[in-house]
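S.K.: Dropping in model-v3.csv, with CSV, C-alpha atoms.
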chain,number,residue,atom,x,y,z
A,911,MET,CA,108.9,88.3,115.0
A,912,ARG,CA,107.2,91.5,113.8
A,913,ARG,CA,103.6,91.9,114.4
A,914,PHE,CA,102.7,94.1,111.5
A,915,HIS,CA,103.8,94.0,107.9
A,916,PHE,CA,102.6,96.4,105.1
A,917,SER,CA,103.7,96.0,101.4
A,918,VAL,CA,102.9,96.9,97.9
A,919,ASP,CA,103.1,94.6,94.9
A,920,ASP,CA,103.6,95.3,91.2
A,921,VAL,CA,105.8,98.4,91.7
A,922,PHE,CA,107.4,100.0,88.7
A,923,GLY,CA,105.6,103.0,87.2
A,924,ALA,CA,106.0,105.2,90.3
A,925,VAL,CA,109.8,104.6,90.3
A,926,MET,CA,110.1,105.4,86.6
A,927,GLN,CA,108.0,108.6,87.0
A,928,LEU,CA,110.2,109.8,89.8
A,929,SER,CA,113.2,109.2,87.7
A,930,ASP,CA,111.9,110.5,84.4
A,931,TRP,CA,110.3,113.6,85.8
A,932,ASP,CA,113.2,114.4,88.2
A,933,LEU,CA,110.9,114.4,91.2
A,934,CYS,CA,111.5,114.3,94.9
A,935,ILE,CA,109.7,111.6,97.0
A,936,ARG,CA,106.9,113.8,98.2
A,937,ASP,CA,106.0,114.9,94.6
A,938,GLN,CA,105.5,111.4,93.3
A,939,PRO,CA,101.9,110.5,94.2
A,940,MET,CA,102.3,106.9,95.5
A,941,LEU,CA,105.7,107.3,97.0
A,942,GLY,CA,104.7,110.6,98.6
A,943,PHE,CA,101.6,109.1,100.1
A,944,LEU,CA,103.6,106.1,101.6
A,945,ASP,CA,106.4,108.4,102.8
A,946,ALA,CA,103.8,110.7,104.6
A,947,LEU,CA,102.2,107.5,106.1
A,948,ALA,CA,105.5,106.4,107.5
A,949,ARG,CA,106.3,109.8,109.0
A,950,ASP,CA,102.9,109.9,110.6
A,951,THR,CA,102.7,106.4,111.9
A,952,GLY,CA,106.2,104.9,111.9
A,953,ALA,CA,105.0,102.1,109.6
A,954,THR,CA,107.5,101.5,106.8
A,955,CYS,CA,106.3,99.8,103.5
A,956,ASP,CA,108.0,97.0,101.6
A,957,LEU,CA,107.9,97.6,97.8
A,958,TYR,CA,108.2,94.7,95.5
A,959,VAL,CA,109.4,95.7,92.1
A,960,PHE,CA,109.4,94.5,88.5
A,961,SER,CA,112.6,94.5,86.4
A,962,ARG,CA,110.8,95.9,83.4
A,963,ALA,CA,107.5,96.8,81.8
A,964,THR,CA,106.2,97.0,78.2
A,965,LEU,CA,104.4,100.3,77.4
A,966,PRO,CA,101.3,100.4,75.2
A,967,ASP,CA,103.4,101.7,72.3
A,968,GLY,CA,105.6,98.6,72.6
A,969,ARG,CA,108.6,100.3,74.2
A,970,VAL,CA,110.2,98.3,77.0
A,971,ARG,CA,111.3,100.2,80.1
A,972,ARG,CA,113.7,98.8,82.6
A,973,LEU,CA,114.4,99.4,86.3
A,974,ALA,CA,118.1,99.7,85.3
A,975,GLU,CA,117.2,103.0,83.5
A,976,VAL,CA,116.6,104.8,86.8
A,977,THR,CA,118.9,107.8,86.9
A,978,ALA,CA,121.8,108.1,89.4
A,979,ARG,CA,120.0,111.1,90.9
A,980,ALA,CA,116.7,109.2,91.4
A,981,ALA,CA,118.6,106.1,92.7
A,982,ALA,CA,120.2,108.3,95.3
A,983,VAL,CA,116.8,109.8,96.3
A,984,LEU,CA,115.3,106.4,96.7
A,985,ALA,CA,118.2,105.0,98.6
A,986,GLY,CA,117.9,107.8,101.1
A,987,ALA,CA,114.1,107.2,101.7
A,988,ALA,CA,113.7,105.6,105.1
A,989,ALA,CA,110.0,105.0,104.5
A,990,PHE,CA,110.6,102.0,102.1
A,991,ARG,CA,112.3,98.7,101.9
A,992,TRP,CA,112.7,97.0,98.5
A,993,GLY,CA,112.3,93.5,97.3
A,994,PRO,CA,112.1,91.6,94.0
A,995,HIS,CA,108.7,90.7,92.5
A,996,ALA,CA,109.2,89.3,88.9
A,997,ARG,CA,110.7,90.1,85.6
A,998,ASP,CA,107.5,91.8,84.4
A,999,TYR,CA,103.7,91.7,84.9
A,1000,THR,CA,103.1,88.9,82.4
A,1001,THR,CA,105.9,86.6,83.7
A,1002,ALA,CA,105.0,84.4,86.6
A,1003,PRO,CA,108.2,83.3,88.3
A,1004,HIS,CA,106.8,79.8,89.0
A,1005,ALA,CA,106.2,79.4,85.2
A,1006,GLN,CA,109.9,80.1,84.4
A,1007,THR,CA,112.4,77.3,84.4
A,1008,LEU,CA,114.6,77.4,87.5
A,1009,PRO,CA,117.6,78.7,85.5
A,1010,GLU,CA,115.4,81.5,84.0
A,1011,ALA,CA,114.0,82.4,87.4
A,1012,GLU,CA,117.5,82.5,88.9
A,1013,ALA,CA,118.8,84.7,86.2
A,1014,THR,CA,115.7,87.0,86.6
A,1015,PHE,CA,116.3,87.5,90.3
A,1016,VAL,CA,120.1,87.8,90.1
A,1017,ALA,CA,119.6,90.7,87.6
A,1018,LEU,CA,116.8,92.2,89.6
A,1019,ALA,CA,118.9,92.1,92.8
A,1020,ALA,CA,121.5,94.2,91.0
A,1021,ASP,CA,118.9,96.7,90.0
A,1022,ILE,CA,117.5,96.9,93.5
A,1023,ALA,CA,121.1,97.4,94.9
A,1024,ARG,CA,121.2,100.8,93.0
A,1025,ILE,CA,118.1,102.1,94.8
A,1026,ALA,CA,118.4,100.5,98.2
A,1027,PRO,CA,121.3,100.1,100.6
A,1028,PRO,CA,121.5,96.7,102.4
A,1029,ASN,CA,119.6,98.0,105.4
A,1030,ARG,CA,116.6,99.0,103.1
A,1031,ARG,CA,116.1,95.5,101.6
A,1032,ALA,CA,113.0,93.5,102.4
A,1033,ASP,CA,113.6,90.2,104.2
A,1034,TRP,CA,110.0,89.0,103.5
A,1035,VAL,CA,109.2,89.0,99.8
A,1036,ARG,CA,106.0,88.3,97.9
A,1037,LEU,CA,106.9,87.0,94.5
A,1038,HIS,CA,104.5,87.7,91.6
A,1039,TYR,CA,101.5,85.4,91.5
A,1040,PHE,CA,102.5,84.3,95.0
A,1041,SER,CA,105.2,82.1,93.5
A,1042,GLU,CA,106.6,79.7,96.1
A,1043,LEU,CA,110.1,79.2,94.6
A,1044,TRP,CA,111.6,77.3,97.5
A,1045,GLU,CA,114.0,75.7,95.0
A,1046,LEU,CA,115.9,79.0,94.9
A,1047,ALA,CA,116.4,79.1,98.7
A,1048,PRO,CA,120.2,79.6,98.5
A,1049,LEU,CA,119.7,82.6,96.3
A,1050,TRP,CA,117.1,84.1,98.6
A,1051,ARG,CA,119.2,83.6,101.7
A,1052,ALA,CA,122.2,85.2,99.9
A,1053,GLN,CA,120.0,88.2,99.2
A,1054,GLY,CA,119.0,88.6,102.8
A,1055,ILE,CA,115.5,87.2,102.2
A,1056,SER,CA,114.3,85.0,105.1
A,1057,ALA,CA,110.7,84.2,103.9
A,1058,LEU,CA,108.5,84.2,100.9
A,1059,MET,CA,104.9,85.3,101.3
A,1060,THR,CA,102.1,83.1,100.3
A,1061,THR,CA,98.6,83.6,98.9
A,1062,ASP,CA,95.7,85.2,100.9
A,1063,ARG,CA,93.3,82.8,99.3
A,1064,PRO,CA,91.8,79.9,101.3
A,1065,ALA,CA,94.2,77.5,99.5
A,1066,VAL,CA,96.9,79.0,101.9
A,1067,ALA,CA,99.7,77.8,99.6
A,1068,TRP,CA,99.9,76.5,96.0
A,1069,ARG,CA,103.0,74.3,95.9
A,1070,LEU,CA,103.9,73.4,99.4
A,1071,PRO,CA,103.5,69.8,100.7
A,1072,GLU,CA,100.7,69.0,103.1
A,1073,GLY,CA,102.8,69.2,106.2
A,1074,PRO,CA,104.1,72.8,105.7
A,1075,ARG,CA,100.8,73.8,104.3
A,1076,ALA,CA,99.0,72.7,107.5
A,1077,ALA,CA,101.5,74.5,109.6
A,1078,LEU,CA,101.1,77.6,107.6
A,1079,ALA,CA,97.3,77.5,107.9
A,1080,ALA,CA,97.6,77.0,111.7
A,1081,THR,CA,100.4,79.5,112.6
A,1082,GLY,CA,100.8,81.7,109.5
A,1083,ARG,CA,104.4,80.6,109.0
A,1084,THR,CA,106.4,77.5,108.1
A,1085,GLU,CA,109.6,76.4,106.4
A,1086,HIS,CA,110.2,74.3,103.4
A,1087,GLY,CA,113.2,73.6,101.2
A,1088,GLY,CA,115.5,75.8,103.3
A,1089,ILE,CA,113.4,79.0,103.3
A,1090,GLY,CA,110.6,80.4,105.4
A,1091,PHE,CA,107.1,81.1,104.3
A,1092,VAL,CA,104.7,83.7,105.8
A,1093,ALA,CA,101.0,84.1,105.2
A,1094,SER,CA,99.5,87.1,103.4
A,1095,HIS,CA,96.4,88.1,105.3
A,1096,LEU,CA,94.5,91.2,104.1
A,1097,ARG,CA,94.6,92.5,100.5
A,1098,LEU,CA,93.2,96.0,100.8
A,1099,GLU,CA,91.3,96.1,97.5
A,1100,HIS,CA,89.2,93.1,98.7
A,1101,PHE,CA,87.9,95.2,101.6
A,1102,ALA,CA,87.2,98.5,99.9
A,1103,ALA,CA,83.7,98.5,101.4
A,1104,ASP,CA,85.3,98.8,104.8
A,1105,THR,CA,86.1,102.4,104.0
A,1106,ALA,CA,82.6,103.2,105.2
A,1107,ASP,CA,83.3,101.4,108.5
A,1108,PRO,CA,87.0,101.4,109.4
A,1109,ALA,CA,86.3,99.6,112.7
A,1110,ARG,CA,85.4,96.6,110.7
A,1111,PHE,CA,88.8,96.6,109.0
A,1112,ARG,CA,90.5,97.1,112.3
A,1113,ASP,CA,88.6,94.0,113.6
A,1114,ARG,CA,89.9,92.0,110.6
A,1115,MET,CA,93.5,93.0,111.6
A,1116,GLU,CA,92.9,92.0,115.2
A,1117,ALA,CA,91.4,88.6,114.1
A,1118,ALA,CA,94.5,87.8,112.0
A,1119,LEU,CA,96.8,88.8,114.9
A,1120,ASP,CA,94.8,86.7,117.4
A,1121,ARG,CA,95.1,83.7,115.0
A,1122,HIS,CA,98.7,84.0,114.0
A,1123,GLY,CA,100.4,86.5,116.3
A,1124,PHE,CA,101.0,89.0,113.4
A,1125,VAL,CA,99.1,90.6,110.6
A,1126,THR,CA,100.2,91.2,107.0
A,1127,VAL,CA,98.4,93.9,104.9
A,1128,PHE,CA,99.1,94.4,101.2
A,1129,THR,CA,97.9,96.1,98.0
A,1130,HIS,CA,99.2,96.8,94.5
A,1131,GLU,CA,100.7,100.0,93.0
A,1132,VAL,CA,97.7,100.6,90.7
A,1133,ASP,CA,95.2,100.1,93.5
A,1134,LEU,CA,96.8,102.9,95.6
A,1135,ASP,CA,95.3,105.3,93.0
A,1136,ASP,CA,91.9,104.5,94.6
A,1137,PRO,CA,91.1,106.9,97.5
A,1138,ARG,CA,89.3,104.1,99.3
A,1139,ILE,CA,92.5,102.0,99.3
A,1140,ARG,CA,94.5,104.9,100.7
A,1141,VAL,CA,92.0,105.3,103.5
A,1142,LEU,CA,92.4,101.6,104.4
A,1143,ALA,CA,96.1,101.8,104.2
A,1144,ARG,CA,96.1,104.7,106.6
A,1145,THR,CA,93.5,102.9,108.8
A,1146,ALA,CA,95.9,99.9,109.0
A,1147,CYS,CA,99.0,101.8,109.7
A,1148,ASP,CA,97.3,104.1,112.3
A,1149,HIS,CA,95.9,101.0,114.1
A,1150,ALA,CA,99.2,99.3,114.1
A,1151,ALA,CA,100.9,102.4,115.5
A,1152,ARG,CA,98.3,102.7,118.3
A,1153,ARG,CA,98.6,99.1,119.2
A,1154,GLY,CA,102.4,99.3,119.3
A,1155,TRP,CA,102.9,96.9,116.4
A,1156,VAL,CA,105.4,99.2,114.6
Would you write out, as structure tokens, the structure that this file holds?

M.R.:
Amino acid sequence: MRRFHFSVDDVFGAVMQLSDWDLCIRDQPMLGFLDALARDTGATCDLYVFSRATLPDGRVRRLAEVTARAAAVLAGAAAFRWGPHARDYTTAPHAQTLPEAEATFVALAADIARIAPPNRRADWVRLHYFSELWELAPLWRAQGISALMTTDRPAVAWRLPEGPRAALAATGRTEHGGIGFVASHLRLEHFAADTADPARFRDRMEAALDRHGFVTVFTHEVDLDDPRIRVLARTACDHAARRGWV
């Protein structure tokens, strides 16, 4: 089992900008930062994408609109792995009916296939609002997904029965309904103050690894605009590289 996992939720705007502006990876701010981080440390990043977004003017943009050129650029980027997140920001997967959720993720898998070859797909996935859709286990397994990632809150999990929830709290991983579950440990924006004392954040990583044997670090696309969050992302990946976790 891996010892370090780094991921970004709510991904959409960066991909559309790269496509619309005909950019290369290094010239899109978020993707360029993550690409440089991977080159420097060896730590790849899982990106969890929306299928669509509604702009302030009411227009709906869709991941399917990514140009063939941009799709090829993204498919060739070894710094990233891609996974599904939700239909859009306002739609919690757990609030959809199961047929609606299944349709959402079948369609999103087709969109992801355009920008990521099979070896660049995430096998751990954090669904929007930490949705624990174990009912779709056959679909997840068919898409190469071995585990859904749960909340970083003290609740540990929202929908799992007591037995799997207790195992998750104790070991950071469990299984239920035919699919694995993995804990989310450190959400970078919750620790922005650690920018002034990076050793404190490194200690948090070590504590998670001591407790569960691995550490998961994550943030959101919009939060990577904050220089403090970029400092913490680099701190995390640098530390993981020095400790031989990547």

S.K.: So that I can check the surroundings of Ala989 (chain A), please list as a count of residues only every protein, DNA and RNA residue that reaches within 9 Å of it, counting only C-alpha atoms and ignoring chain neighbours fewer than 4 positions away.

M.R.: 12

S.K.: Could you make a table, as a tab-separated table, of the residues of region 1075-1153 of chain A that have an atom within 10 Å of an atom of region 1051-1057 of chain A, each with its nearest atom pair and distance in Å to one decimal, counting only C-alpha atoms, in chain and number order?

M.R.:
residue	atom	partner	partner_atom	distance
A:Arg1083	CA	A:Ala1057	CA	8.9
A:Thr1084	CA	A:Ala1057	CA	9.0
A:Glu1085	CA	A:Ala1057	CA	8.3
A:His1086	CA	A:Ala1057	CA	9.9
A:Gly1088	CA	A:Arg1051	CA	8.8
A:Ile1089	CA	A:Ala1057	CA	5.9
A:Gly1090	CA	A:Ala1057	CA	4.1
A:Phe1091	CA	A:Ala1057	CA	4.8
A:Val1092	CA	A:Ala1057	CA	6.3
A:Ala1093	CA	A:Ala1057	CA	9.8

S.K.: Provide the CA of Met926 (chain A) to CA of Thr1014 (chain A) distance in Å, to one decimal place.

M.R.: 19.2 Å

S.K.: Find the distance between CA of Thr951 (chain A) and CA of Cys1147 (chain A) and write it in Å to one decimal.

M.R.: 6.3 Å

S.K.: To one decimal place, how far is CA of Glu975 (chain A) from CA of Arg1030 (chain A) in Å?

M.R.: 20.0 Å

S.K.: Pick out the residues sitting within 12 Å of Gln1006 (chain A), and hand them over as a PyMOL selection string; count all atoms listed in the file, and ignore anything fewer than 5 positions along from it in its own chain.

M.R.: chain A and resi 996-998+1000-1001+1011-1015+1038+1041+1043

S.K.: May I have the residues within 9 Å of region 1101-1108 of chain A as a PyMOL selection string, using only C-alpha atoms and disregarding those fewer than 5 positions away in the same chain?

M.R.: chain A and resi 1096+1113+1138-1139+1141-1142+1145

S.K.: Could you tell me which of A:Trp992, A:Trp1068, A:Phe960, A:Trp1050 comes closest to His1004 (chain A) if we count only C-alpha atoms?

M.R.: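 Residue with the minimum atom-to-atom distance to His1004 (chain A): A:Trp1068.
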
S.K.: Show which residues sit within 8 Å of Asp919 (chain A), as a list in words. Count only C-alpha atoms, and ignore same-chain residues fewer than 4 positions away.

M.R.: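 My list of contacting residues is Leu957, Tyr958, Val959, His995, Arg1036, His1038, Phe1128, Thr1129, His1130 and Glu1131 of chain A.
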
S.K.: Please provide as a ChimeraX atom specification all residues within 10 Å of region 1117-1127 of chain A, with the sequence filter that same-chain residues fewer than 6 positions apart are discarded (counting all atoms listed in the file).

M.R.: /A:911-918,955,1059,1062,1078-1083,1092-1098,1111,1142-1143,1146-1147,1150,1155

S.K.: Using only C-alpha atoms, find the one residue out of A:Ala1002, A:Gly923, A:Ala1019, A:Ala985 that sits nearest to Arg972 (chain A).

M.R.: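 The answer is A:Gly923, which sits nearest to Arg972 (chain A).
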
S.K.: Pick the closest to Arg962 (chain A) from A:Met940, A:Val983, A:Val925, A:Ala1005: which is it, counting all atoms listed in the file?

M.R.: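 Under the stated criterion, the closest residue is A:Val925.
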
S.K.: Enclose the full set of atoms of region 1137-1152 of chain A listed in the file within a box whose edges lie along x, y and z, apply 6 Å of padding to each of the six sides, and report centre and edge lengths in Å to one decimal as lines of an AutoDock Vina configuration file.

M.R.:
center_x = 95.1
center_y = 103.1
center_z = 107.9
size_x = 23.6
size_y = 19.6
size_z = 32.8

S.K.: Out of A:Ala1032, A:Ala924, A:Thr977, A:Ser961, which residue has the shortest atom-to-atom distance to Phe943 (chain A) when counting all atoms listed in the file?

M.R.: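 Of the candidates, the smallest distance to Phe943 (chain A) is held by A:Ala924.
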
S.K.: Could you check the closest approach to Ser929 (chain A) for each of A:Val970, A:Leu1049, A:Leu1008, A:Ile1025 and tell me which residue wins, using all atoms listed in the file?

M.R.: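 Closest to Ser929 (chain A), using all atoms listed in the file: A:Ile1025.
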